[in-house]
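Participant: Before anything else, here's the structure in question.
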Amino acid sequence: MSTFSKICSAIAVLVILMAGGAWFAFEAYTRSPMQEESREVPLVVPDGASFNQVIDDMARQGAVTYPFAFRVLVRIRKQQQQLKAGEYLINTGWTPERLLQELIRGKGVLYTLSFQEGLPWWDVAKKIEQQGFARAEDFSKVIHDPAFLKKNNIPFSSAEGFLFPETYKLHKPKVLNEASAENVASMLVHMFWQKTSSVWGDDVPDTKVLQKILILASLVEKETAIASERELVAGVYRNRLERGMRMQADPTIIYGLGQDFDGNIRRADIRNKNNEYNTYQHRGLPPGPICSPGLEAINAAMNPAQHDYLFFVAKGDGSHKFSKTLKEHNKAVRKFQLGKKK
């Protein structure tokens with residue numbers, strides 16, 4: 001072999017070795033944390049942004065090391081066109097492979113939407129607006145829309161009672177409109193049906209039974225926060241219904257007054273027959289739920305306690321005194337209510 005041939009062969013071997021070494025180094029880069037110090041970096045990917053633009057942005061924030069190598073990784077994977085717009089919270093402790101998959105899966109940041117049991121729909125709407133997921137006005141339109149109610153098998157004039165209280169994780173919409181409000185409302189109603197399946201399984205109550213259960217559950221939810229009292233309260237209302245007695249539940253008056261309620265129930269409010277939710281004036285259950293109850297209250301409405309109680313009064317510590325007769329009840333009122341006012 002000539003000297004020239006030997007030199008060419010040596011160069012070829014050297015190139016191969018260098019290429020192999022470079023590839024080994026590149027593979028090591030893709031599987032190693034980008035930085036030893038792990039920190040979270042917010043990243044917004046606008047619609048129409050290219051991977052090069054996003055990589056430049058991440059490099060400026062110090063969120064990605066060796067941006068040229070990251071560009072090579074994107075091209076090798078042929079994923080230049082798969083970037084998803086959205087809001088992300090990336091971590092400098094991730095590997096480049098993990099970061100790439102996060103950007104093309106497009107899951108992005110999930111925000112928390114949370115509200116407790118016992119809220120009327122207008123307070124749920126306010127919380128949804130405050131947390132940036134929909135406008136209260138749009139939410140109100142959606143949950144009163146007959147088409148929405150029919151699609152979700154809701155047998156009332158609104159979705160009250162079906163807006164299941166829970167902690168949700170979801171993306172924030174880019175635009176707040178009726179479509180985004182419907183997405184949120186649908187999620188809450190879907191959670192209701194999912195959670196209550198543990199109560200009645202595949203045997204969903206018929207319309208009239210379902211209405212009675214949810215209305216009664218909403219009364220239970222508003223009357224007590226003590227778990228051991230829920231079935232007792234449900235039993236009181238069942239007993240009063242069976243005897244043709246009025247429910248005489250203060251929370252129903254409050255619900256009928258709506259967002260105008262100022263915190264005080266006046267004598268005129270109790271005597272107001274125009275308030276269709278006023279169970280001091282109208283017999284039977286109110287026309288619809290007065291809040292969205294939790295699963296425990298729904299369970300209590302399905303399984304009221306068997307007892308002879310017909311009355312209960314708040315004792316001032318969150319619990320209630322239950323009575324079988326009006327005489328016992330009046331005595332309890334004097335002790336726990338009138339006595340405290342004095």
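Ligands are numbered from 1 in the order shown, residues from 1 within each chain, and chains are lettered A, B, ... in the order they appear in the structure tokens.
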Excluding Gly132 of chain A and any residue of its chain fewer than 5 positions from it, enumerate the residues within 12 Å of it, using only C-alpha atoms, and give them as a PyMOL selection string.
Facilitator: chain A and resi 111-114+125-127+170-177+180-181+184
Participant: If we count only C-alpha atoms and set the cut-off at 10 Å, which residues sit around segment 52-60 of chain A, ignoring sequence neighbours fewer than 2 positions away in its own chain? Please answer as a ChimeraX atom specification.
Facilitator: /A:41-46,49-50,62-68,70-71,74,80,83,90,103
Participant: Keeping only C-alpha atoms, write the selected residues to a file as a PDB file, in the first residue's frame.
Facilitator:
```
ATOM      1  CA  VAL A  41     -39.093  27.728  34.159  1.00  0.00           C
ATOM      2  CA  PRO A  42     -42.417  28.999  32.745  1.00  0.00           C
ATOM      3  CA  LEU A  43     -42.635  28.819  28.978  1.00  0.00           C
ATOM      4  CA  VAL A  44     -45.366  30.112  26.679  1.00  0.00           C
ATOM      5  CA  VAL A  45     -45.473  28.651  23.167  1.00  0.00           C
ATOM      6  CA  PRO A  46     -47.581  30.943  20.926  1.00  0.00           C
ATOM      7  CA  ALA A  49     -44.207  29.390  16.791  1.00  0.00           C
ATOM      8  CA  SER A  50     -41.405  27.277  15.317  1.00  0.00           C
ATOM      9  CA  GLY A  62     -31.153  29.360  30.591  1.00  0.00           C
ATOM     10  CA  ALA A  63     -33.657  26.538  30.479  1.00  0.00           C
ATOM     11  CA  VAL A  64     -31.870  24.462  27.838  1.00  0.00           C
ATOM     12  CA  THR A  65     -28.148  23.811  27.492  1.00  0.00           C
ATOM     13  CA  TYR A  66     -26.454  23.289  24.122  1.00  0.00           C
ATOM     14  CA  PRO A  67     -29.370  24.598  22.028  1.00  0.00           C
ATOM     15  CA  PHE A  68     -27.623  23.469  18.825  1.00  0.00           C
ATOM     16  CA  PHE A  70     -31.319  20.213  21.009  1.00  0.00           C
ATOM     17  CA  ARG A  71     -32.068  21.396  17.445  1.00  0.00           C
ATOM     18  CA  VAL A  74     -35.557  17.653  17.043  1.00  0.00           C
ATOM     19  CA  GLN A  80     -40.109  19.961  13.824  1.00  0.00           C
ATOM     20  CA  LEU A  83     -44.744  21.442  18.543  1.00  0.00           C
ATOM     21  CA  ILE A  90     -40.473  23.007  32.218  1.00  0.00           C
ATOM     22  CA  LEU A 103     -43.439  19.969  24.032  1.00  0.00           C
TER      23      LEU A 103
END
```
Participant: Determine the nearest neighbour of Thr279 of chain A from the options A:Gly106, A:Gly256, A:Gly201, A:Gly318, counting only C-alpha atoms.
Facilitator: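 For Thr279 of chain A, the nearest of the candidates is A:Gly256.
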Participant: I'd like the contact shell of Pro165 of chain A - 10 Å cut-off, only C-alpha atoms, skipping same-chain residues fewer than 5 positions apart - returned as a PyMOL selection string.
Facilitator: chain A and resi 113-119+124+188-189+191-192+292-295
Participant: I want to know what sits within 9 Å of Gly288 of chain A, based on only C-alpha atoms, with residues of the same chain fewer than 5 positions away left out; could you give that as a tab-separated table (two decimals) with C-alpha atoms, in the first residue's frame?
Facilitator:
```tsv
chain	number	residue	atom	x	y	z
A	156	PHE	CA	-84.36	20.69	36.12
A	157	SER	CA	-84.43	24.22	34.71
A	158	SER	CA	-80.73	24.61	35.51
A	160	GLU	CA	-77.97	23.27	39.96
A	161	GLY	CA	-77.20	20.13	41.94
A	211	GLN	CA	-85.17	14.88	41.39
A	212	LYS	CA	-86.29	14.03	44.92
A	214	LEU	CA	-80.92	15.65	44.67
A	215	ILE	CA	-83.30	18.20	46.18
A	277	TYR	CA	-88.50	28.03	47.23
```
Participant: Run DSSP on the backbone and tell me which residues of segment 124-199 of chain A come out as strand (DSSP E or B); list them as JSON, numbers by chain.
Facilitator: {"A": [167, 168, 169, 170]}
Participant: For Thr252 of chain A, which residue among A:Tyr88, A:Tyr309, A:Tyr280, A:Tyr237 is the nearest when counting only C-alpha atoms?
Facilitator: A:Tyr280
Participant: Please report, as a PyMOL selection string, each residue of segment 64-223 of chain A to which DSSP assigns alpha helix (DSSP H) when run on this structure's backbone.
Facilitator: chain A and resi 67-76+96-105+121-130+136-143+146-151+178-200+207-223
Participant: Within 12 Å of Asn264 of chain A, counting only C-alpha atoms, which residues show up once you throw out same-chain ones fewer than 3 positions away? Write them as a PyMOL selection string, please.
Facilitator: chain A and resi 250-251+253-254+257+260-261+267-270
Participant: Could you take the residues named above and write them with N, CA and C atoms, as a PDB file, in the first residue's frame?
Facilitator:
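Below is the file that was written, result_34.pdb:
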```pdb
ATOM      1  N   ASP A 250     -84.812  27.056  56.458  1.00  0.00           N
ATOM      2  CA  ASP A 250     -84.314  28.408  56.187  1.00  0.00           C
ATOM      3  C   ASP A 250     -83.478  28.496  54.904  1.00  0.00           C
ATOM      4  N   PRO A 251     -82.619  27.505  54.608  1.00  0.00           N
ATOM      5  CA  PRO A 251     -81.802  27.623  53.393  1.00  0.00           C
ATOM      6  C   PRO A 251     -82.627  27.716  52.108  1.00  0.00           C
ATOM      7  N   ILE A 253     -85.452  29.446  51.772  1.00  0.00           N
ATOM      8  CA  ILE A 253     -85.806  30.865  51.652  1.00  0.00           C
ATOM      9  C   ILE A 253     -84.627  31.639  51.077  1.00  0.00           C
ATOM     10  N   ILE A 254     -83.455  31.366  51.631  1.00  0.00           N
ATOM     11  CA  ILE A 254     -82.236  32.062  51.207  1.00  0.00           C
ATOM     12  C   ILE A 254     -81.979  31.836  49.720  1.00  0.00           C
ATOM     13  N   LEU A 257     -84.231  33.857  47.550  1.00  0.00           N
ATOM     14  CA  LEU A 257     -83.860  35.272  47.506  1.00  0.00           C
ATOM     15  C   LEU A 257     -82.694  35.503  46.557  1.00  0.00           C
ATOM     16  N   ASP A 260     -79.458  38.414  45.978  1.00  0.00           N
ATOM     17  CA  ASP A 260     -79.825  39.618  46.721  1.00  0.00           C
ATOM     18  C   ASP A 260     -79.853  39.386  48.230  1.00  0.00           C
ATOM     19  N   PHE A 261     -79.693  38.150  48.669  1.00  0.00           N
ATOM     20  CA  PHE A 261     -79.756  37.858  50.098  1.00  0.00           C
ATOM     21  C   PHE A 261     -78.629  38.598  50.832  1.00  0.00           C
ATOM     22  N   ARG A 267     -89.009  38.593  58.763  1.00  0.00           N
ATOM     23  CA  ARG A 267     -90.352  38.026  58.884  1.00  0.00           C
ATOM     24  C   ARG A 267     -91.084  38.080  57.542  1.00  0.00           C
ATOM     25  N   ALA A 268     -90.851  39.156  56.801  1.00  0.00           N
ATOM     26  CA  ALA A 268     -91.479  39.297  55.483  1.00  0.00           C
ATOM     27  C   ALA A 268     -90.997  38.206  54.527  1.00  0.00           C
ATOM     28  N   ASP A 269     -89.736  37.795  54.676  1.00  0.00           N
ATOM     29  CA  ASP A 269     -89.197  36.721  53.826  1.00  0.00           C
ATOM     30  C   ASP A 269     -89.888  35.392  54.141  1.00  0.00           C
ATOM     31  N   ILE A 270     -90.122  35.146  55.422  1.00  0.00           N
ATOM     32  CA  ILE A 270     -90.784  33.902  55.830  1.00  0.00           C
ATOM     33  C   ILE A 270     -92.229  33.870  55.325  1.00  0.00           C
TER      34      ILE A 270
END
```
Participant: Go through segment 137-228 of chain A residue by residue and, counting only C-alpha atoms, keep those with an atom at most 8 Å from segment 297-305 of chain A; for each kept residue give the shortest atom pair and its distance in Å to one decimal, ordered by chain and increasing number, as a tab-separated table.
Facilitator:
```
residue	atom	partner	partner_atom	distance
A:Val199	CA	A:Asn299	CA	6.7
A:Ile213	CA	A:Ala301	CA	5.6
A:Leu214	CA	A:Ile298	CA	6.7
A:Leu216	CA	A:Ala301	CA	5.8
A:Ala217	CA	A:Ile298	CA	4.9
A:Ser218	CA	A:Ala297	CA	7.2
A:Val220	CA	A:Ala297	CA	6.0
A:Glu221	CA	A:Ala297	CA	5.6
```
Participant: For Ala69 of chain A, which residue among A:Leu110, A:Ala227, A:Leu89, A:Ala28 is the nearest when counting only C-alpha atoms?
Facilitator: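 Comparing A:Leu110, A:Ala227, A:Leu89, A:Ala28 against Ala69 of chain A, the winner is A:Ala28.
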Participant: Just the residues within 10 Å of segment 240-242 of chain A, please, counting only C-alpha atoms, with nothing from its chain fewer than 2 positions along; format it as a list in words.
Facilitator: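 The residues that qualify are Gly235, Val236, Tyr237, Arg238, Gly244, Met245, Arg246, Met247, Gln248, Arg283, Gly284, Leu285, Asp308, Tyr309, Leu310 and Phe311 of chain A.
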Participant: Identify which of the residues A:Asp123, A:Glu27, A:Asp47, A:Glu37 lies closest to Gly93 of chain A, counting only C-alpha atoms when measuring atom-to-atom distances.
Facilitator: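 Among the listed residues, A:Glu37 lies closest to Gly93 of chain A.
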Participant: For the atom pair atom CA of Val142 of chain A and atom CA of Trp122 of chain A, what is the interatomic distance in Å to one decimal place?
Facilitator: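 About the pair atom CA of Val142 of chain A and atom CA of Trp122 of chain A: they are 12.3 Å apart.
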Participant: When you draw a straight line from atom CA of Val109 of chain A to atom CA of Lys195 of chain A, how long is it in Å?
Facilitator: 25.1 Å
Participant: Measure the distance from atom CA of Ile290 of chain A to atom CA of Tyr255 of chain A in Å and round it to one decimal.
Facilitator: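 These atoms are spaced 5.9 Å apart.
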